Amino acid sequence: MAESPTVIPLRSPAPETPPAAAPTLRAFALAAVAETVCGDIGPAAPPPELAFLLHHLRAVDRGGGWAAGLGRYLAAPDPGDAPLVRLADEIGLTTVETLAVALAAAVEDDVMVGRAFAHLQAPLGGSRPTLSLLAACLGDVAPADVRPIEALATGAAVRCGLLTVLGDALPLPERTVAVPLHLCHALAGSDGIWPGGTVGLGDLPEVPLPPSAAREAERHARALSAQPRQALALRTGSASEGRSVARAVAAALGRRPVFVETEQTAGLGPWLVLRGLLPVFCLELGPGERKMLPSLPAYTGPVLALCGPDGTVESGAGTVPGWLLPVPPRDERQALWHEAIGPGELARQLARDHRHGAGQIAHLGRLARHRGALEGRGEPTREDVLAASRGGDAAALGALAQPLPMSIPDGALVAGQALAAELDMLLLRCRMRDGLTDDLGVSSSVRYTPGVRALFVGPSGTGKTLAAGWLATRLGLPLYRVDLASVTSKYIGETEKNLAQLLARAEQAEVVLLFDEADSLFGKRTEVRDSNDRFANAQTNYLLQRIESFDGIALLTSNSRTRFDSAFTRRLDAIIEFPLPGPEERRGLWEAHLGGGHTLQPRDLNRLAATADLGGGHIRNAVLAAAALAHDAGRAVSFNDVVQGLFIEYRKLGKQLPVGLRG
């Protein structure tokens, strides 16, 4: 025979157990039920359920009935009832509602309370009290001009979600009431679990905040506490940093944050009041998108919204003011790097060369320490930090951009003197962008943003993408190529939303963004003939404005500058022309691509440079084809192999092999 399962007994006092000496709200409510339903019990021993109710009646009836002692008790309640009594005062619960909440909550943790209700409500059944039973038992403390059943069904307790009326298909008297489980825990003195919300940071690590952010959090906390129902939008591209700032604001208010990621907020207000929590609504808004913060019945405290830089957050009082979390100044970044990777010269260098926020510094510090531990080093090196920067942000940028992880050394970039000088100037501008206007006049600094935007223009194969990789390598930043197919959408507003999300995450991660064939996104505005033209122009207007305010480095490539709107060129910091290389540059390209494993003579290289009028991309393809032929034959690359590779490349272009290379 199978062994009987072990049963853990719930709280169920036996009928002969003496009643508790100290009355509680639960005892008064059960006494009200007992006085209503047990008056006709004869001399015979009552069933256990009714005996349980009579014990509570005897415990609170000191003469004059249970209602006579309730007023005195509410003036000095038991500490266990203090949360409910305080909540009732704050949100204006009637005495009937307060006792109904005490009874409904008692069902959730005392099996005998449920058994008593099931016994009394037979044959309807059910362990939760019905509205008719509560109205009949608690009517003695209801105002004379109020029907108890209506006060329960439409009162403040139901409106704020403290009480839930169940059974919509049933007649009103047969409907039962319940207290949501998280509120039962809150009334008992614990947080419980709110579905869709997290109290505190949860499993996320705390981000150390710079002193400037901590001071600003205290300032905003004072402003939030000045009036009831004040709201503030925290705007940042780093969720971890934003949550740590919200925690700092909550601490300055003497509260704990709860991060709400659901639109179902029934019963949230009483929970916030009972547990002293600050609601932080986590929002994801696109350009032009508006979001109304939900109203929270029973809660009159401050509210935070955590979102990105785009969109509008509103409350019942209008547009919510925002706090855009800035990149900390250099001295604070250095202190954050000290905490993340340890003191030393490396922290100073990283603070000087990179404009990371507090959340990104903490994130890269953890990744760099992990990489250093894998290599058996005590402290992380600059290479560990750069490797963490290149490999740690793919998830943050999602499917909107793909990393180009290859490092491009100086020798791989073969450029003419003029082009090299322009690229060096762009590199200098990127390095000096932090604090560039500190000593300049007000006209230079009033609209300055540290972002750098450059357009690379030239025929295909002239090294535009290679130059972008070289620039990112020299800056020590990861390079990401924007996937235009993922960014653009046929649905109105989706392209702007995708690009806004991408740019916000790129700003936080400090990566170099590469827009290949950028004219497809930033092209000319057209004359408006129909609604499609109007929407297309609105999209272009947004893209032009957003790229101007971008706080990172954006590189755009195109085959022709004439494809861009004239207003776009003003927003660029540099436009660099990539011409087809001349004979001297072409010889350098052949040498850089062939390396040392070939049999070509100097005269062969001169012949190739003089006759094959191709860019670096085409030269690379020809060398790879020649290498395939040589490897198949088991020898070094020869001049004939290169000529065959060039023949294939010219045929791809629809051209004839130059006469000087034939035969």
# chains A, B, ... in the order shown; residues from 1 in each chain; ligands from 1
$ residues_around --residues "region 347-363 of chain A" --least-positions-apart "6" --cutoff "9 Å" --atoms "only C-alpha atoms" --output "PyMOL selection string"
chain A and resi 206-210+238-242+244+325-341+382+385+388+392+431-432+434+475-477+507-510+552
$ write_last_selection --atoms "C-alpha atoms" --output "compact mmCIF listing (two decimals), in the first residue's frame"
# COMPACT_ATOMS: atom_id res chain seq x y z
CA GLU A 206 24.91 48.19 -7.79
CA VAL A 207 26.63 50.81 -9.92
CA PRO A 208 28.89 53.19 -7.96
CA LEU A 209 27.67 56.72 -8.64
CA PRO A 210 29.91 59.76 -9.02
CA SER A 238 22.14 52.34 -19.19
CA ALA A 239 19.48 50.41 -17.31
CA SER A 240 21.87 49.45 -14.51
CA GLU A 241 23.02 53.05 -13.97
CA GLY A 242 19.45 54.32 -14.11
CA SER A 244 21.17 52.77 -9.18
CA LEU A 325 22.02 61.47 -16.72
CA PRO A 326 25.22 63.04 -18.08
CA VAL A 327 28.64 61.52 -18.65
CA PRO A 328 30.66 62.27 -15.49
CA PRO A 329 33.55 64.76 -15.77
CA ARG A 330 37.06 63.41 -16.21
CA ASP A 331 38.09 63.50 -12.53
CA GLU A 332 34.97 61.55 -11.51
CA ARG A 333 35.50 59.05 -14.33
CA GLN A 334 39.01 58.48 -13.03
CA ALA A 335 37.67 57.74 -9.54
CA LEU A 336 35.12 55.33 -11.02
CA TRP A 337 37.84 53.55 -13.01
CA HIS A 338 39.92 53.30 -9.81
CA GLU A 339 37.02 51.52 -8.14
CA ALA A 340 36.37 49.30 -11.16
CA ILE A 341 39.89 48.10 -12.00
CA ARG A 382 44.47 48.16 -20.99
CA VAL A 385 39.55 46.73 -20.97
CA ALA A 388 35.90 43.87 -22.91
CA GLY A 392 30.77 43.11 -24.25
CA ARG A 431 40.41 62.35 -29.19
CA MET A 432 39.95 65.97 -28.13
CA ASP A 434 35.80 65.92 -24.38
CA LEU A 475 40.82 55.27 -30.61
CA GLY A 476 40.64 51.93 -28.81
CA LEU A 477 36.87 51.71 -29.42
CA GLU A 507 26.10 56.53 -26.68
CA GLN A 508 26.08 54.55 -23.46
CA ALA A 509 28.49 51.88 -24.74
CA GLU A 510 30.77 54.43 -26.51
CA GLY A 552 29.29 59.43 -29.87
$ residues_around --residues "Asp384 (chain A)" --least-positions-apart "2" --cutoff "10 Å" --atoms "only C-alpha atoms" --output "VMD selection string"
chain A and resid 364 to 365 367 to 372 375 379 to 382 386 to 390
$ atom_distance --atom1 "CA of Ala626 (chain A)" --atom2 "CA of Asp516 (chain A)"
28.1 Å
$ closest_residue --among "A:Pro180, A:Pro450, A:Pro195, A:Pro309" --to "Gly237 (chain A)" --atoms "only C-alpha atoms"
A:Pro309
$ closest_residue --among "A:Val487, A:Arg147, A:Lys655, A:Glu174" --to "Ala122 (chain A)" --atoms "only C-alpha atoms"
A:Glu174
$ atom_distance --atom1 "CA of Glu494 (chain A)" --atom2 "CA of Met292 (chain A)"
20.2 Å
$ closest_residue --among "A:Gly192, A:Val273, A:Cys137, A:Ala298" --to "Leu93 (chain A)" --atoms "only C-alpha atoms"
A:Ala298
$ atom_distance --atom1 "CA of Leu272 (chain A)" --atom2 "CA of Phe28 (chain A)"
26.5 Å
